[in-house]
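Undergrad: Handing you this structure, nothing more for now.
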Amino acid sequence: MDKNINLPPAPKPRLLDQVRERLRYKHYSLSTEKLYVYWIRFFIRWSGLRHPSEMGAREVEAFLTMLATERHVSPSTHKQALCAILFLYKEVLQVELPWMEQIGRPRSLQRVPVVFTKLEVQSIFQELSHMNAEHALFAKLLYGTGMRIMEAARLRVKDLNFDQAAIVIREAKGAKERVIMLPDSLRLQLQEQVQRCQRIWYQDQQQKMSGVEMPFALEKKYPHAGHSLAWFWVFPQSSYSTDPRSGIVRRHHLYPQTFRRTFTAALKRLHLHKPATPHTLRHSFATHLLQGGCDIRTVQELLGHADVSTTMIYT
C-alpha cells in the first residue's frame, strides 16, 4: 500500500454547527445557544443566504435597522441579535470588527421594576399552597432569598447547609458563585423537601436511570457523582426528559416554565393585574429590604449584582 497517498481533508462542519460547538466550548447555556443560532440563521436567510464572511458593516447595520423599523423589536431584543452576530464574527469566523463600533445601538429603557406589596406576597403564597405545595415553597425561596428563578431551579442537595444556615449558589449569572442566608422560616420546609428529593432519587436509582446532569466536564471526571444524592436537584421535575445535547433520558430540575404557569394561574385567581412574573418576587425582596432600612451594599451582595448602580433601581 502506498503510504504517500494524500487523503482528502475532512469536510468542514457547517457554519451553524461551528457556532454551536464554540458556544458549548465557552460554556454558554442551552437557552443562549438556541437564541444565538436563531438570530444568526435569521441574518443569513435575510441576506439571501450569503456567507457572513462575504458581508460586513453595511449588511449587519441593514439587518439591525430592519429589526428596529420593520419588526419593531425592543431594545433588549435588538441587543440580543447584535450580540449573536458579534459572537459569530469574533468567535467563530475569527474576524476583527473595527466597524462594529460604528454601528448604532438602541438605548435600553430604564424601567421601574414591578413590586408586590407584602400583603400581595402572602396572598400569592397562600394561593400557591392550595395549587402546588412544592411550587409554593419555590416561590417562598425566591422571595426569601432574592434568587433568580434559574439559580433556585439549579440548586443541588449539597448546596443547602442547614448547620450554617447558608445556601451556595454555584451557577449564578455571569458564572459567579455566592453564598446567601438560608431563611430560618424555610428551614423546616426545605428539610422536608430534601426528604422528598431523597425518595425520588431512590426511585431513580432502583429503576437504573441515568444520573442527573453534571456541570461542564465533571461528569467525566467524577462519573458516579451524578448518581449521588448530594448532586440531586432540590426541586426535581416530576417526569423524565431527554437531554437536548446528549440525548440521555434523565431527571431534570424543575423547568422554569412549569413554575411560571402555576405562578401566572395563581395571579389570575387572585385577580392581581400587575404585569408580574416570578422575577417580581426578586424585585419585591430587594425593595422590601431597602424599605426596612437595609444597607444598599448588603442588598447588592445578596442579589449578586456586579455594580451597585444596578441595585439603585430599587431606591
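Just so we're on the same page: first chain in the C-alpha cells is A, next is B, and so on; residues restart at 1 for each chain, and ligands are numbered from 1 in the order they show up.
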Residues of range 164-252 of chain A that have any atom at most 9 Å from an atom of range 143-150 of chain A: could you tabulate them with the shortest-distance atom pair and the distance in Å to one decimal, using only C-alpha atoms, ordered by chain and increasing number, as CSV?
TA:
```
residue,atom,partner,partner_atom,distance
A:Ile169,CA,A:Met147,CA,8.6
A:Glu171,CA,A:Met150,CA,8.6
A:Ala172,CA,A:Met150,CA,8.1
A:Lys173,CA,A:Arg148,CA,8.7
A:Ile180,CA,A:Thr145,CA,7.2
A:Met181,CA,A:Thr145,CA,7.1
A:Leu182,CA,A:Thr145,CA,7.4
A:Pro183,CA,A:Gly144,CA,6.4
A:Ser185,CA,A:Gly144,CA,8.8
A:Leu186,CA,A:Gly144,CA,8.4
```
Undergrad: DSSP on the backbone: which residues in range 33-277 of chain A end up as alpha helix (DSSP H)? Give the answer as a PyMOL selection string.
TA: chain A and resi 33-46+57-69+75-87+118-131+133-145+149-153+187-206+218-221+256-269
Undergrad: Write the selection just made, keeping C-alpha atoms, as a compact mmCIF listing (two decimals), in the first residue's frame?
TA:
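Wrote part.txt, looks like this:
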```txt
# COMPACT_ATOMS: atom_id res chain seq x y z
CA GLU A 33 -27.24 28.70 22.24
CA LYS A 34 -30.76 28.46 20.82
CA LEU A 35 -31.14 32.26 20.68
CA TYR A 36 -27.78 32.87 19.01
CA VAL A 37 -28.38 30.16 16.42
CA TYR A 38 -31.84 31.61 15.73
CA TRP A 39 -30.51 35.16 15.12
CA ILE A 40 -27.53 34.02 13.04
CA ARG A 41 -29.77 31.83 10.85
CA PHE A 42 -32.23 34.74 10.51
CA PHE A 43 -29.39 37.11 9.50
CA ILE A 44 -28.07 34.70 6.83
CA ARG A 45 -31.51 33.98 5.35
CA TRP A 46 -32.47 37.66 5.34
CA ALA A 57 -20.81 46.55 8.42
CA ARG A 58 -23.30 47.59 5.74
CA GLU A 59 -25.20 44.28 5.78
CA VAL A 60 -25.15 43.96 9.57
CA GLU A 61 -26.43 47.50 10.09
CA ALA A 62 -29.13 46.98 7.43
CA PHE A 63 -30.29 43.84 9.24
CA LEU A 64 -30.38 45.57 12.62
CA THR A 65 -32.20 48.55 11.09
CA MET A 66 -34.81 46.19 9.64
CA LEU A 67 -35.38 44.68 13.10
CA ALA A 68 -35.93 48.13 14.60
CA THR A 69 -38.02 49.76 11.84
CA PRO A 75 -34.03 47.45 22.61
CA SER A 76 -33.21 44.29 24.59
CA THR A 77 -34.14 42.03 21.63
CA HIS A 78 -32.15 44.29 19.30
CA LYS A 79 -29.13 43.97 21.59
CA GLN A 80 -29.62 40.19 21.67
CA ALA A 81 -29.43 39.97 17.86
CA LEU A 82 -26.36 42.22 17.82
CA CYS A 83 -24.58 40.06 20.42
CA ALA A 84 -25.30 36.92 18.37
CA ILE A 85 -23.83 38.44 15.20
CA LEU A 86 -20.87 39.80 17.14
CA PHE A 87 -20.20 36.29 18.52
CA LYS A 118 -46.14 42.40 51.47
CA LEU A 119 -49.84 41.55 51.66
CA GLU A 120 -49.88 40.53 47.99
CA VAL A 121 -46.84 38.30 48.55
CA GLN A 122 -48.58 36.48 51.39
CA SER A 123 -51.73 36.08 49.27
CA ILE A 124 -49.67 34.54 46.45
CA PHE A 125 -48.02 32.08 48.85
CA GLN A 126 -51.40 31.05 50.23
CA GLU A 127 -52.89 30.57 46.77
CA LEU A 128 -49.90 28.58 45.55
CA SER A 129 -50.06 26.31 48.61
CA HIS A 130 -53.59 25.30 47.54
CA MET A 131 -52.40 24.61 43.99
CA ALA A 133 -47.10 22.84 47.75
CA GLU A 134 -43.69 22.44 46.12
CA HIS A 135 -44.25 25.48 43.91
CA ALA A 136 -45.35 27.44 46.95
CA LEU A 137 -42.02 26.61 48.64
CA PHE A 138 -40.16 27.54 45.46
CA ALA A 139 -41.88 30.95 45.45
CA LYS A 140 -41.08 31.49 49.13
CA LEU A 141 -37.43 30.73 48.39
CA LEU A 142 -37.34 33.27 45.56
CA TYR A 143 -38.83 35.96 47.77
CA GLY A 144 -36.95 34.98 50.95
CA THR A 145 -33.51 34.99 49.30
CA ILE A 149 -35.50 31.58 39.05
CA MET A 150 -32.73 29.57 37.36
CA GLU A 151 -30.49 29.86 40.41
CA ALA A 152 -33.21 28.29 42.54
CA ALA A 153 -34.10 25.64 39.95
CA ARG A 187 -35.60 25.66 57.29
CA LEU A 188 -38.19 23.00 58.18
CA GLN A 189 -39.91 23.13 54.79
CA LEU A 190 -36.58 22.80 52.96
CA GLN A 191 -35.58 19.86 55.13
CA GLU A 192 -38.86 18.18 54.26
CA GLN A 193 -38.22 18.97 50.58
CA VAL A 194 -34.82 17.27 50.78
CA GLN A 195 -36.51 14.19 52.27
CA ARG A 196 -38.92 14.18 49.33
CA CYS A 197 -35.95 14.50 46.94
CA GLN A 198 -34.33 11.53 48.61
CA ARG A 199 -37.40 9.36 47.91
CA ILE A 200 -37.43 10.41 44.24
CA TRP A 201 -33.67 9.88 43.99
CA TYR A 202 -34.03 6.38 45.47
CA GLN A 203 -36.75 5.51 42.95
CA ASP A 204 -34.49 6.66 40.10
CA GLN A 205 -31.64 4.52 41.43
CA GLN A 206 -33.92 1.49 41.68
CA LEU A 218 -17.40 16.91 35.94
CA GLU A 219 -19.40 14.01 34.51
CA LYS A 220 -16.20 12.59 33.00
CA LYS A 221 -14.02 13.46 35.98
CA PRO A 256 -38.90 27.43 34.94
CA GLN A 257 -41.84 27.40 32.51
CA THR A 258 -43.59 24.79 34.68
CA PHE A 259 -43.40 27.11 37.68
CA ARG A 260 -44.30 30.18 35.61
CA ARG A 261 -47.56 28.55 34.50
CA THR A 262 -48.57 27.82 38.09
CA PHE A 263 -47.49 31.31 39.21
CA THR A 264 -49.46 33.03 36.43
CA ALA A 265 -52.54 30.94 37.24
CA ALA A 266 -52.27 31.98 40.91
CA LEU A 267 -52.15 35.67 39.97
CA LYS A 268 -55.28 35.26 37.82
CA ARG A 269 -57.15 33.52 40.62
```
Undergrad: Would you mind listing what lies within 7 Å of range 246-255 of chain A as a count of residues only, with only C-alpha atoms counted and same-chain residues fewer than 2 positions away left out?
TA: 19
Undergrad: Grab the CA of Glu177 in chain A to CA of Leu155 in chain A distance for me, in Å with one decimal place.
TA: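 These atoms are spaced 12.1 Å apart.
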Undergrad: For a test of reading the model, state the distance in Å between CA of Val168 in chain A and CA of Val115 in chain A, rounded to one decimal.
TA: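 Answer for the CA of Val168 in chain A to CA of Val115 in chain A separation: 25.7 Å.
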Undergrad: What gap, in Å, lies between CA of Lys12 in chain A and CA of Arg245 in chain A?
TA: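 Interatomic distance, CA of Lys12 in chain A to CA of Arg245 in chain A: 20.6 Å.
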Undergrad: Have a look at A:Ile313, A:Leu272, A:Cys294, A:Ala217 and name the one nearest to His27 in chain A; count only C-alpha atoms.
TA: A:Ala217
Undergrad: List every residue of range 67-288 of chain A that DSSP, applied to the backbone of this structure, places in strand (DSSP E), and write the result as a PyMOL selection string.
TA: chain A and resi 160-161+166-169+178-181+236-242+249-253
